[in-house]
>>> print(open('structure_20.cif').read())   # mmCIF, C-alpha atoms and all ligand atoms
data_structure
loop_
_atom_site.group_PDB
_atom_site.id
_atom_site.type_symbol
_atom_site.label_atom_id
_atom_site.label_comp_id
_atom_site.auth_asym_id
_atom_site.auth_seq_id
_atom_site.Cartn_x
_atom_site.Cartn_y
_atom_site.Cartn_z
ATOM 1 C CA MET A 1 17.659 10.939 -6.600
ATOM 2 C CA CYS A 2 15.820 14.229 -6.483
ATOM 3 C CA TYR A 3 15.261 14.783 -2.765
ATOM 4 C CA LYS A 4 16.747 18.294 -2.858
ATOM 5 C CA LYS A 5 14.668 19.243 -5.871
ATOM 6 C CA ILE A 6 11.520 18.087 -4.088
ATOM 7 C CA ALA A 7 12.426 20.126 -0.988
ATOM 8 C CA LYS A 8 12.761 23.202 -3.201
ATOM 9 C CA GLU A 9 9.227 22.758 -4.555
ATOM 10 C CA ILE A 10 7.807 22.116 -1.086
ATOM 11 C CA LYS A 11 9.418 25.346 0.054
ATOM 12 C CA LYS A 12 8.063 27.269 -2.928
ATOM 13 C CA TYR A 13 4.351 26.356 -2.769
ATOM 14 C CA ASN A 14 2.028 27.583 -0.020
ATOM 15 C CA THR A 15 -0.768 25.203 -0.868
ATOM 16 C CA ILE A 16 0.160 21.530 -1.053
ATOM 17 C CA VAL A 17 -2.182 18.600 -1.632
ATOM 18 C CA ILE A 18 -1.050 15.044 -0.932
ATOM 19 C CA ALA A 19 -2.740 12.033 -2.535
ATOM 20 C CA ARG A 20 -2.200 8.249 -2.570
ATOM 21 C CA HIS A 21 -3.742 5.177 -4.155
ATOM 22 C CA ILE A 22 -7.318 3.906 -3.952
ATOM 23 C CA GLY A 23 -7.940 1.155 -1.419
ATOM 24 C CA PRO A 24 -5.240 2.565 0.867
ATOM 25 C CA ASP A 25 -2.966 0.366 2.997
ATOM 26 C CA PRO A 26 -0.851 1.515 5.953
ATOM 27 C CA ASP A 27 2.043 2.519 3.653
ATOM 28 C CA ALA A 28 -0.197 4.689 1.460
ATOM 29 C CA LEU A 29 -1.685 6.355 4.547
ATOM 30 C CA GLY A 30 1.536 6.516 6.551
ATOM 31 C CA SER A 31 3.501 8.072 3.680
ATOM 32 C CA SER A 32 0.815 10.654 2.784
ATOM 33 C CA ILE A 33 -0.324 11.670 6.280
ATOM 34 C CA GLY A 34 3.249 11.427 7.590
ATOM 35 C CA LEU A 35 4.421 13.707 4.778
ATOM 36 C CA LYS A 36 1.674 16.239 5.543
ATOM 37 C CA GLU A 37 2.720 16.390 9.198
ATOM 38 C CA LEU A 38 6.370 16.556 8.208
ATOM 39 C CA ILE A 39 5.732 19.574 5.973
ATOM 40 C CA LEU A 40 3.638 21.337 8.628
ATOM 41 C CA ASN A 41 6.241 20.618 11.290
ATOM 42 C CA ASN A 42 8.838 22.420 9.173
ATOM 43 C CA PHE A 43 6.639 25.022 7.461
ATOM 44 C CA PRO A 44 3.787 25.745 9.921
ATOM 45 C CA LYS A 45 2.266 28.474 7.727
ATOM 46 C CA LYS A 46 1.601 26.297 4.698
ATOM 47 C CA GLN A 47 -1.815 24.888 3.811
ATOM 48 C CA VAL A 48 -1.418 21.117 3.456
ATOM 49 C CA TYR A 49 -4.246 18.692 2.735
ATOM 50 C CA VAL A 50 -4.333 14.908 2.477
ATOM 51 C CA VAL A 51 -7.060 13.671 0.116
ATOM 52 C CA GLY A 52 -8.645 10.300 -0.690
ATOM 53 C CA ALA A 53 -11.375 8.147 0.825
ATOM 54 C CA PRO A 54 -11.088 7.668 4.583
ATOM 55 C CA ALA A 55 -10.067 4.209 5.847
ATOM 56 C CA SER A 56 -11.691 3.533 9.220
ATOM 57 C CA ARG A 57 -9.683 0.337 9.743
ATOM 58 C CA PHE A 58 -6.495 2.396 9.849
ATOM 59 C CA ARG A 59 -7.836 5.344 11.851
ATOM 60 C CA TYR A 60 -4.732 5.287 14.058
ATOM 61 C CA LEU A 61 -2.701 6.547 11.096
ATOM 62 C CA GLY A 62 -4.642 9.824 11.107
ATOM 63 C CA ASN A 63 -7.461 11.421 9.154
ATOM 64 C CA VAL A 64 -7.899 12.660 5.623
ATOM 65 C CA ASP A 65 -9.006 16.229 4.865
ATOM 66 C CA LYS A 66 -11.906 17.649 2.978
ATOM 67 C CA LEU A 67 -10.263 19.651 0.222
ATOM 68 C CA PRO A 68 -11.505 23.278 0.328
ATOM 69 C CA GLU A 69 -11.613 25.590 -2.706
ATOM 70 C CA ILE A 70 -7.990 26.013 -3.698
ATOM 71 C CA GLU A 71 -6.250 27.784 -6.555
ATOM 72 C CA TYR A 72 -5.040 24.745 -8.440
ATOM 73 C CA ASN A 73 -2.777 26.759 -10.722
ATOM 74 C CA LYS A 74 -0.826 27.905 -7.648
ATOM 75 C CA SER A 75 -0.798 24.574 -5.862
ATOM 76 C CA LEU A 76 1.536 21.608 -5.635
ATOM 77 C CA LEU A 77 0.321 17.993 -5.714
ATOM 78 C CA ILE A 78 2.451 15.225 -4.199
ATOM 79 C CA VAL A 79 1.324 11.669 -4.937
ATOM 80 C CA THR A 80 2.817 8.917 -2.773
ATOM 81 C CA ASP A 81 2.795 5.109 -3.213
ATOM 82 C CA THR A 82 0.961 5.282 -6.575
ATOM 83 C CA PRO A 83 2.452 4.349 -9.960
ATOM 84 C CA ASP A 84 -0.374 5.418 -12.293
ATOM 85 C CA THR A 85 -3.038 8.103 -12.636
ATOM 86 C CA LYS A 86 -5.988 5.727 -12.642
ATOM 87 C CA ARG A 87 -5.180 4.660 -9.093
ATOM 88 C CA ILE A 88 -4.851 8.201 -7.655
ATOM 89 C CA ASP A 89 -7.616 8.667 -5.078
ATOM 90 C CA GLY A 90 -9.705 11.790 -4.723
ATOM 91 C CA VAL A 91 -8.100 14.441 -6.929
ATOM 92 C CA ASP A 92 -7.525 15.395 -10.559
ATOM 93 C CA TYR A 93 -3.741 15.558 -10.949
ATOM 94 C CA SER A 94 -3.940 17.487 -14.236
ATOM 95 C CA LYS A 95 -5.264 20.663 -12.553
ATOM 96 C CA PHE A 96 -2.154 21.373 -10.499
ATOM 97 C CA ALA A 97 0.689 23.795 -11.224
ATOM 98 C CA LYS A 98 3.193 21.104 -10.362
ATOM 99 C CA VAL A 99 3.019 17.386 -9.607
ATOM 100 C CA ILE A 100 5.552 15.244 -7.715
ATOM 101 C CA LYS A 101 5.443 11.455 -7.543
ATOM 102 C CA ILE A 102 7.156 9.582 -4.705
ATOM 103 C CA ASP A 103 6.763 5.851 -5.289
ATOM 104 C CA HIS A 104 8.325 2.418 -4.906
ATOM 105 C CA HIS A 105 6.132 0.386 -7.297
ATOM 106 C CA PRO A 106 7.495 -0.900 -10.592
ATOM 107 C CA PHE A 107 7.181 1.910 -13.164
ATOM 108 C CA VAL A 108 3.795 2.093 -14.935
ATOM 109 C CA GLU A 109 3.506 5.599 -16.399
ATOM 110 C CA ALA A 110 5.033 9.057 -16.072
ATOM 111 C CA PHE A 111 2.521 11.687 -14.960
ATOM 112 C CA ALA A 112 4.478 14.027 -12.681
ATOM 113 C CA ASP A 113 6.933 16.873 -13.275
ATOM 114 C CA ILE A 114 9.278 15.258 -10.773
ATOM 115 C CA GLU A 115 9.197 11.479 -10.535
ATOM 116 C CA LEU A 116 11.024 9.988 -7.588
ATOM 117 C CA ILE A 117 10.744 6.253 -8.210
ATOM 118 C CA ASP A 118 12.851 3.747 -6.310
ATOM 119 C CA ASP A 119 11.505 0.259 -6.886
ATOM 120 C CA LYS A 120 14.247 -1.133 -4.655
ATOM 121 C CA ALA A 121 12.812 0.769 -1.698
ATOM 122 C CA SER A 122 10.686 -1.230 0.726
ATOM 123 C CA SER A 123 7.900 1.313 0.908
ATOM 124 C CA ALA A 124 6.836 4.850 0.093
ATOM 125 C CA SER A 125 7.213 5.608 3.790
ATOM 126 C CA GLN A 126 10.901 4.689 3.541
ATOM 127 C CA LEU A 127 11.267 7.283 0.765
ATOM 128 C CA ILE A 128 9.623 9.943 2.973
ATOM 129 C CA ILE A 129 12.080 9.100 5.771
ATOM 130 C CA GLU A 130 14.897 9.536 3.258
ATOM 131 C CA LEU A 131 13.386 12.858 2.134
ATOM 132 C CA ALA A 132 13.379 14.002 5.775
ATOM 133 C CA LYS A 133 16.949 12.857 6.369
ATOM 134 C CA LYS A 134 18.443 14.318 3.188
ATOM 135 C CA ASN A 135 16.827 17.699 3.867
ATOM 136 C CA ASN A 136 17.362 17.818 7.619
ATOM 137 C CA TYR A 137 13.661 18.210 8.280
ATOM 138 C CA LYS A 138 12.545 18.405 11.900
ATOM 139 C CA LEU A 139 10.666 15.295 13.027
ATOM 140 C CA ASN A 140 8.358 14.484 15.913
ATOM 141 C CA ILE A 141 6.909 11.303 17.445
ATOM 142 C CA ASP A 142 3.633 11.468 15.470
ATOM 143 C CA ILE A 143 5.415 11.753 12.128
ATOM 144 C CA ALA A 144 7.853 8.992 13.067
ATOM 145 C CA SER A 145 5.043 6.633 14.191
ATOM 146 C CA LYS A 146 3.227 6.935 10.877
ATOM 147 C CA LEU A 147 6.310 6.478 8.728
ATOM 148 C CA TYR A 148 7.511 3.575 10.877
ATOM 149 C CA LEU A 149 4.176 1.764 10.558
ATOM 150 C CA GLY A 150 4.194 2.327 6.796
ATOM 151 C CA VAL A 151 7.586 0.618 6.484
ATOM 152 C CA VAL A 152 6.658 -2.189 8.888
ATOM 153 C CA ALA A 153 3.396 -2.935 7.077
ATOM 154 C CA ASP A 154 4.885 -3.013 3.566
ATOM 155 C CA THR A 155 7.863 -5.162 4.620
ATOM 156 C CA ASN A 156 5.762 -7.419 6.877
ATOM 157 C CA ARG A 157 8.015 -6.567 9.831
ATOM 158 C CA PHE A 158 11.206 -6.484 7.759
ATOM 159 C CA LEU A 159 10.556 -9.967 6.380
ATOM 160 C CA TYR A 160 10.297 -9.301 2.638
ATOM 161 C CA GLU A 161 13.365 -9.312 0.454
ATOM 162 C CA TYR A 162 13.293 -5.630 -0.498
ATOM 163 C CA THR A 163 14.056 -4.894 3.141
ATOM 164 C CA SER A 164 17.612 -3.626 2.756
ATOM 165 C CA TYR A 165 20.533 -2.214 4.676
ATOM 166 C CA LYS A 166 19.121 1.167 3.709
ATOM 167 C CA THR A 167 15.665 0.346 5.118
ATOM 168 C CA LEU A 168 17.156 -0.601 8.471
ATOM 169 C CA GLU A 169 19.532 2.361 8.467
ATOM 170 C CA LEU A 170 16.756 4.883 7.742
ATOM 171 C CA VAL A 171 14.428 3.321 10.307
ATOM 172 C CA ALA A 172 17.208 3.288 12.919
ATOM 173 C CA TRP A 173 17.840 6.963 12.180
ATOM 174 C CA LEU A 174 14.111 7.717 12.589
ATOM 175 C CA ILE A 175 13.967 5.911 15.947
ATOM 176 C CA LYS A 176 17.130 7.556 17.228
ATOM 177 C CA LYS A 177 16.051 11.055 16.182
ATOM 178 C CA THR A 178 12.637 10.870 17.847
ATOM 179 C CA ASN A 179 13.182 8.330 20.629
ATOM 180 C CA LEU A 180 10.273 6.420 19.151
ATOM 181 C CA ASN A 181 8.879 3.640 21.342
ATOM 182 C CA PHE A 182 8.188 1.467 18.304
ATOM 183 C CA THR A 183 7.224 -1.809 19.979
ATOM 184 C CA SER A 184 4.146 -0.104 21.450
ATOM 185 C CA LEU A 185 2.886 0.577 17.907
ATOM 186 C CA TYR A 186 2.407 -3.044 16.877
ATOM 187 C CA ASP A 187 -0.946 -3.597 18.611
ATOM 188 C CA ASN A 188 -2.636 -1.314 16.085
ATOM 189 C CA LEU A 189 -1.263 -3.216 13.141
ATOM 190 C CA TYR A 190 -1.498 -6.812 14.330
ATOM 191 C CA THR A 191 -4.551 -7.144 16.572
ATOM 192 C CA LYS A 192 -7.004 -9.467 14.810
ATOM 193 C CA SER A 193 -10.652 -9.992 15.582
ATOM 194 C CA LEU A 194 -11.867 -13.396 16.727
ATOM 195 C CA LYS A 195 -14.172 -13.436 13.683
ATOM 196 C CA GLU A 196 -11.153 -13.162 11.389
ATOM 197 C CA ILE A 197 -9.392 -16.066 13.076
ATOM 198 C CA VAL A 198 -12.465 -18.290 12.857
ATOM 199 C CA PHE A 199 -12.803 -17.346 9.176
ATOM 200 C CA SER A 200 -9.123 -18.142 8.701
ATOM 201 C CA GLY A 201 -9.934 -21.644 10.003
ATOM 202 C CA TYR A 202 -12.569 -21.988 7.283
ATOM 203 C CA ILE A 203 -10.067 -20.903 4.632
ATOM 204 C CA SER A 204 -7.391 -23.328 5.877
ATOM 205 C CA LEU A 205 -9.804 -26.261 5.814
ATOM 206 C CA ASN A 206 -11.384 -25.453 2.462
ATOM 207 C CA MET A 207 -8.721 -23.981 0.195
ATOM 208 C CA ASN A 208 -7.527 -25.973 -2.796
ATOM 209 C CA ILE A 209 -3.858 -26.648 -3.430
ATOM 210 C CA THR A 210 -2.865 -27.728 -6.925
ATOM 211 C CA GLU A 211 0.017 -30.085 -7.617
ATOM 212 C CA ASN A 212 1.913 -27.061 -9.009
ATOM 213 C CA GLY A 213 1.708 -25.188 -5.724
ATOM 214 C CA LEU A 214 -1.165 -22.759 -6.255
ATOM 215 C CA ALA A 215 -3.366 -22.423 -3.164
ATOM 216 C CA TYR A 216 -6.688 -20.750 -3.824
ATOM 217 C CA ILE A 217 -10.175 -20.333 -2.501
ATOM 218 C CA LYS A 218 -13.318 -18.753 -3.941
ATOM 219 C CA LEU A 219 -15.428 -17.147 -1.238
ATOM 220 C CA THR A 220 -19.048 -16.445 -2.108
ATOM 221 C CA ASP A 221 -21.139 -13.728 -0.518
ATOM 222 C CA ASP A 222 -23.062 -16.439 1.396
ATOM 223 C CA ILE A 223 -19.871 -17.686 3.035
ATOM 224 C CA LEU A 224 -18.755 -14.143 3.907
ATOM 225 C CA LYS A 225 -22.162 -13.474 5.476
ATOM 226 C CA LYS A 226 -22.064 -16.752 7.410
ATOM 227 C CA TYR A 227 -18.708 -15.806 8.959
ATOM 228 C CA GLU A 228 -19.735 -12.124 9.371
ATOM 229 C CA VAL A 229 -16.740 -10.824 7.421
ATOM 230 C CA ASP A 230 -16.445 -8.561 4.383
ATOM 231 C CA PRO A 231 -14.827 -8.959 0.941
ATOM 232 C CA SER A 232 -11.489 -7.525 2.227
ATOM 233 C CA THR A 233 -11.091 -9.884 5.171
ATOM 234 C CA ALA A 234 -9.513 -12.793 3.271
ATOM 235 C CA GLY A 235 -6.960 -10.392 1.790
ATOM 236 C CA ASN A 236 -6.054 -9.206 5.284
ATOM 237 C CA LEU A 237 -5.296 -12.797 6.307
ATOM 238 C CA ILE A 238 -3.318 -13.812 3.239
ATOM 239 C CA GLU A 239 0.143 -13.114 4.709
ATOM 240 C CA ASN A 240 -0.435 -16.067 7.070
ATOM 241 C CA TYR A 241 -0.271 -18.413 4.070
ATOM 242 C CA ASN A 242 2.871 -17.005 2.512
ATOM 243 C CA ASN A 243 5.366 -19.158 4.382
ATOM 244 C CA VAL A 244 3.667 -22.514 4.026
ATOM 245 C CA ASP A 245 5.470 -25.407 2.344
ATOM 246 C CA LYS A 246 3.808 -26.803 -0.798
ATOM 247 C CA ILE A 247 2.492 -23.308 -1.609
ATOM 248 C CA LYS A 248 4.219 -21.116 -4.220
ATOM 249 C CA VAL A 249 1.371 -18.734 -4.939
ATOM 250 C CA VAL A 250 -1.744 -18.077 -2.893
ATOM 251 C CA ALA A 251 -4.879 -16.383 -4.240
ATOM 252 C CA PHE A 252 -8.009 -15.566 -2.252
ATOM 253 C CA CYS A 253 -11.034 -14.476 -4.302
ATOM 254 C CA SER A 254 -14.010 -12.939 -2.477
ATOM 255 C CA GLU A 255 -17.319 -12.022 -4.051
ATOM 256 C CA ASP A 256 -17.887 -8.269 -3.616
ATOM 257 C CA LYS A 257 -21.587 -7.761 -4.294
ATOM 258 C CA GLY A 258 -21.481 -4.045 -3.463
ATOM 259 C CA ASN A 259 -18.899 -3.344 -6.160
ATOM 260 C CA ASN A 260 -19.992 -6.118 -8.475
ATOM 261 C CA TYR A 261 -16.607 -7.764 -8.897
ATOM 262 C CA ILE A 262 -14.489 -10.514 -7.362
ATOM 263 C CA LYS A 263 -11.894 -9.037 -5.025
ATOM 264 C CA CYS A 264 -8.708 -11.100 -5.286
ATOM 265 C CA SER A 265 -5.543 -10.917 -3.230
ATOM 266 C CA ILE A 266 -2.472 -12.741 -4.540
ATOM 267 C CA ARG A 267 0.881 -13.439 -2.883
ATOM 268 C CA SER A 268 3.916 -15.299 -4.208
ATOM 269 C CA LYS A 269 7.055 -16.936 -2.876
ATOM 270 C CA GLY A 270 8.815 -16.746 -6.250
ATOM 271 C CA PRO A 271 6.733 -16.574 -9.443
ATOM 272 C CA ILE A 272 6.165 -12.983 -10.624
ATOM 273 C CA ILE A 273 2.438 -12.336 -10.400
ATOM 274 C CA ASN A 274 1.739 -8.663 -11.126
ATOM 275 C CA GLU A 275 1.687 -9.188 -14.898
ATOM 276 C CA ILE A 276 -1.195 -11.679 -14.667
ATOM 277 C CA ALA A 277 -2.984 -9.493 -12.089
ATOM 278 C CA SER A 278 -2.820 -6.564 -14.508
ATOM 279 C CA HIS A 279 -4.864 -8.554 -17.057
ATOM 280 C CA TYR A 280 -7.681 -8.914 -14.533
ATOM 281 C CA ASN A 281 -8.239 -5.303 -13.514
ATOM 282 C CA GLY A 282 -5.437 -5.216 -10.993
ATOM 283 C CA GLY A 283 -1.692 -5.046 -10.503
ATOM 284 C CA GLY A 284 0.833 -4.289 -7.792
ATOM 285 C CA HIS A 285 4.200 -5.640 -6.766
ATOM 286 C CA ILE A 286 5.987 -8.657 -8.236
ATOM 287 C CA TYR A 287 5.194 -10.842 -5.196
ATOM 288 C CA ALA A 288 2.084 -9.057 -3.873
ATOM 289 C CA SER A 289 -0.793 -8.055 -6.106
ATOM 290 C CA GLY A 290 -4.533 -7.578 -6.234
ATOM 291 C CA ALA A 291 -7.054 -8.156 -9.031
ATOM 292 C CA ARG A 292 -10.742 -7.536 -9.632
ATOM 293 C CA PRO A 293 -12.191 -9.903 -12.238
ATOM 294 C CA LYS A 294 -15.874 -9.334 -12.990
ATOM 295 C CA THR A 295 -17.102 -12.877 -12.279
ATOM 296 C CA PHE A 296 -15.962 -16.134 -10.713
ATOM 297 C CA ALA A 297 -15.706 -17.543 -14.254
ATOM 298 C CA GLU A 298 -13.180 -14.830 -15.079
ATOM 299 C CA ALA A 299 -11.431 -15.467 -11.755
ATOM 300 C CA ASP A 300 -11.125 -19.132 -12.787
ATOM 301 C CA LYS A 301 -9.217 -18.067 -15.897
ATOM 302 C CA MET A 302 -6.862 -16.014 -13.774
ATOM 303 C CA LEU A 303 -6.352 -18.945 -11.379
ATOM 304 C CA GLU A 304 -5.560 -21.178 -14.346
ATOM 305 C CA GLU A 305 -2.926 -18.698 -15.528
ATOM 306 C CA LEU A 306 -1.463 -18.535 -12.024
ATOM 307 C CA ASP A 307 -1.362 -22.335 -11.882
ATOM 308 C CA ASN A 308 0.535 -22.434 -15.188
ATOM 309 C CA LEU A 309 2.908 -19.836 -13.816
ATOM 310 C CA CYS A 310 3.574 -22.103 -10.804
ATOM 311 C CA ARG A 311 4.109 -25.112 -13.088
ATOM 312 C CA ASN A 312 6.735 -23.280 -15.124
ATOM 313 C CA PHE A 313 8.530 -21.862 -12.109
ATOM 314 C CA LYS A 314 11.647 -23.816 -11.205
HETATM 315 MN MN MN B 1 3.587 0.834 -0.613
#
>>> encode(input="structure_20.cif", output="structure tokens")
Amino acid sequence: MCYKKIAKEIKKYNTIVIARHIGPDPDALGSSIGLKELILNNFPKKQVYVVGAPASRFRYLGNVDKLPEIEYNKSLLIVTDTPDTKRIDGVDYSKFAKVIKIDHHPFVEAFADIELIDDKASSASQLIIELAKKNNYKLNIDIASKLYLGVVADTNRFLYEYTSYKTLELVAWLIKKTNLNFTSLYDNLYTKSLKEIVFSGYISLNMNITENGLAYIKLTDDILKKYEVDPSTAGNLIENYNNVDKIKVVAFCSEDKGNNYIKCSIRSKGPIINEIASHYNGGGHIYASGARPKTFAEADKMLEELDNLCRNFK
């Protein structure tokens, strides 16, 4: 792995921009904002900017910057948690003197000069912790909090199977180094609104479960309005349905009138789903993906494919 090579580039460039994927989650934000603070903590004179749309839901992970005029041909871009160029948020990667990718998704395309891809790693935040450890970077509580939350969110509190000995070892190192009071961080990540819980009741009572083990629900704009939630809410609740017997794959499809597509979240206990998701304007991990079909009719086709996948899964 090229942790030393990456440290060399970080040392060399005075202007560094950090980007992550569109529709950011806590790992995307934790790895990018955590990396910015890590660089500044070790090289206080550098100009470091985190780009991409702000995510108010995850404000506790820090803010994004407004990118000023920079000399792109003298600047370094680091992209975290993003396997392909079309999902990079807020910056044109091709303008930079050098590009580094730090990612844990299955490989999609090569676009960086240095590609650090470890698809066995739990999260991009885990890779940033490893970068810090291998290069003896100085840490502080703020950096540690962000990286810790990134790992916790992507592993669902160390539940998912790509949580490894290495994940726990790196996290233990992070906690020991900074004396991080990690249990106090969970409120941010796991506090739910009453509205979400009531909506979750609606989903539980109204979802369909096929004989092959696909659980799904199609949520129209009218329903979302009635429960005063938005097209992302169902996706935020989907982990609750991942450990339910009789369910192999769960798919929640919400009408997103603003963006004119159906926002789908998909989770799996076994069947590999990211291939199907990629045919419906989406993709992701083998057991956790998203898709954006144009219409409910197109979503139906995707659900049919997912149902077949469940049928053929032993
Ligand atoms: Mn991630």
>>> atom_distance(input="structure_20.cif", atom1="CA of Val249 in chain A", atom2="CA of Arg57 in chain A")
26.5 Å
>>> closest_residue(input="structure_20.cif", among="A:Ser278, A:Asn73, A:Asn41, A:Gln126", to="ligand MN 1 (chain B)", atoms="all atoms listed in the file")
A:Gln126
>>> residues_near_ligand(input="structure_20.cif", ligand="ligand MN 1 (chain B)", cutoff="12 Å", atoms="only C-alpha atoms and all ligand atoms", output="ChimeraX atom specification")
/A:20-32,79-83,102-106,117-128,147,149-156,162,284-285,288-289
>>> resolve_selection(input="structure_20.cif", expression="the PyMOL selection byres (((chain A and resi 291-306) around 7) and not hetatm)", output="list in words")
Asn260, Tyr261, Ile262, Lys263, Cys264, Ser265, Ala277, Tyr280, Asn281, Gly282, Gly283, Ser289, Gly290, Asp307, Asn308, Leu309 and Cys310 of chain A
>>> residues_around(input="structure_20.cif", residues="Thr178 in chain A", least_positions_apart="6", cutoff="9 Å", atoms="all atoms listed in the file", output="list in words")
Leu139, Asn140, Ile141 and Ala144 of chain A
>>> closest_residue(input="structure_20.cif", among="A:Ile70, A:Ala132, A:Ala251, A:Val99", to="Leu35 in chain A", atoms="all atoms listed in the file")
A:Ala132
>>> atom_distance(input="structure_20.cif", atom1="CA of Arg267 in chain A", atom2="CA of Thr191 in chain A")
21.2 Å
>>> atom_distance(input="structure_20.cif", atom1="CA of Thr15 in chain A", atom2="CA of Val64 in chain A")
15.8 Å
>>> residues_near_point(input="structure_20.cif", point="(-12.9, -14.9, 4.5)", cutoff="10 Å", atoms="all atoms listed in the file", output="JSON, numbers by chain")
{"A": [195, 196, 197, 198, 199, 200, 201, 202, 203, 217, 218, 219, 220, 221, 223, 224, 225, 226, 227, 228, 229, 230, 231, 232, 233, 234, 235, 236, 237, 238, 252, 253, 254]}
>>> closest_residue(input="structure_20.cif", among="A:Gly270, A:Asp245, A:Glu37, A:Tyr93", to="Ile78 in chain A", atoms="all atoms listed in the file")
A:Tyr93
>>> resolve_selection(input="structure_20.cif", expression="the PyMOL selection byres (((chain A and resi 53) around 8) and not hetatm)", output="JSON, numbers by chain")
{"A": [22, 51, 52, 54, 55, 64, 89, 90]}
>>> decode(input="structure_20.cif", residues="range 190-210 of chain A", atoms="C-alpha atoms", output="CSV table (one decimal), in the first residue's frame")
chain,number,residue,atom,x,y,z
A,190,TYR,CA,-28.2,7.6,16.3
A,191,THR,CA,-30.7,10.1,17.6
A,192,LYS,CA,-33.9,9.7,15.5
A,193,SER,CA,-36.8,12.1,15.2
A,194,LEU,CA,-40.2,11.0,16.4
A,195,LYS,CA,-41.5,11.6,12.8
A,196,GLU,CA,-39.0,9.0,11.5
A,197,ILE,CA,-40.1,6.4,14.0
A,198,VAL,CA,-43.8,7.0,13.1
A,199,PHE,CA,-42.9,6.7,9.4
A,200,SER,CA,-41.0,3.5,10.2
A,201,GLY,CA,-44.3,2.1,11.6
A,202,TYR,CA,-46.0,2.9,8.3
A,203,ILE,CA,-43.2,1.1,6.4
A,204,SER,CA,-43.3,-2.0,8.7
A,205,LEU,CA,-47.1,-2.3,8.3
A,206,ASN,CA,-47.2,-1.7,4.5
A,207,MET,CA,-44.1,-3.2,3.0
A,208,ASN,CA,-44.4,-6.3,0.7
A,209,ILE,CA,-42.4,-9.4,1.3
A,210,THR,CA,-42.1,-11.9,-1.6
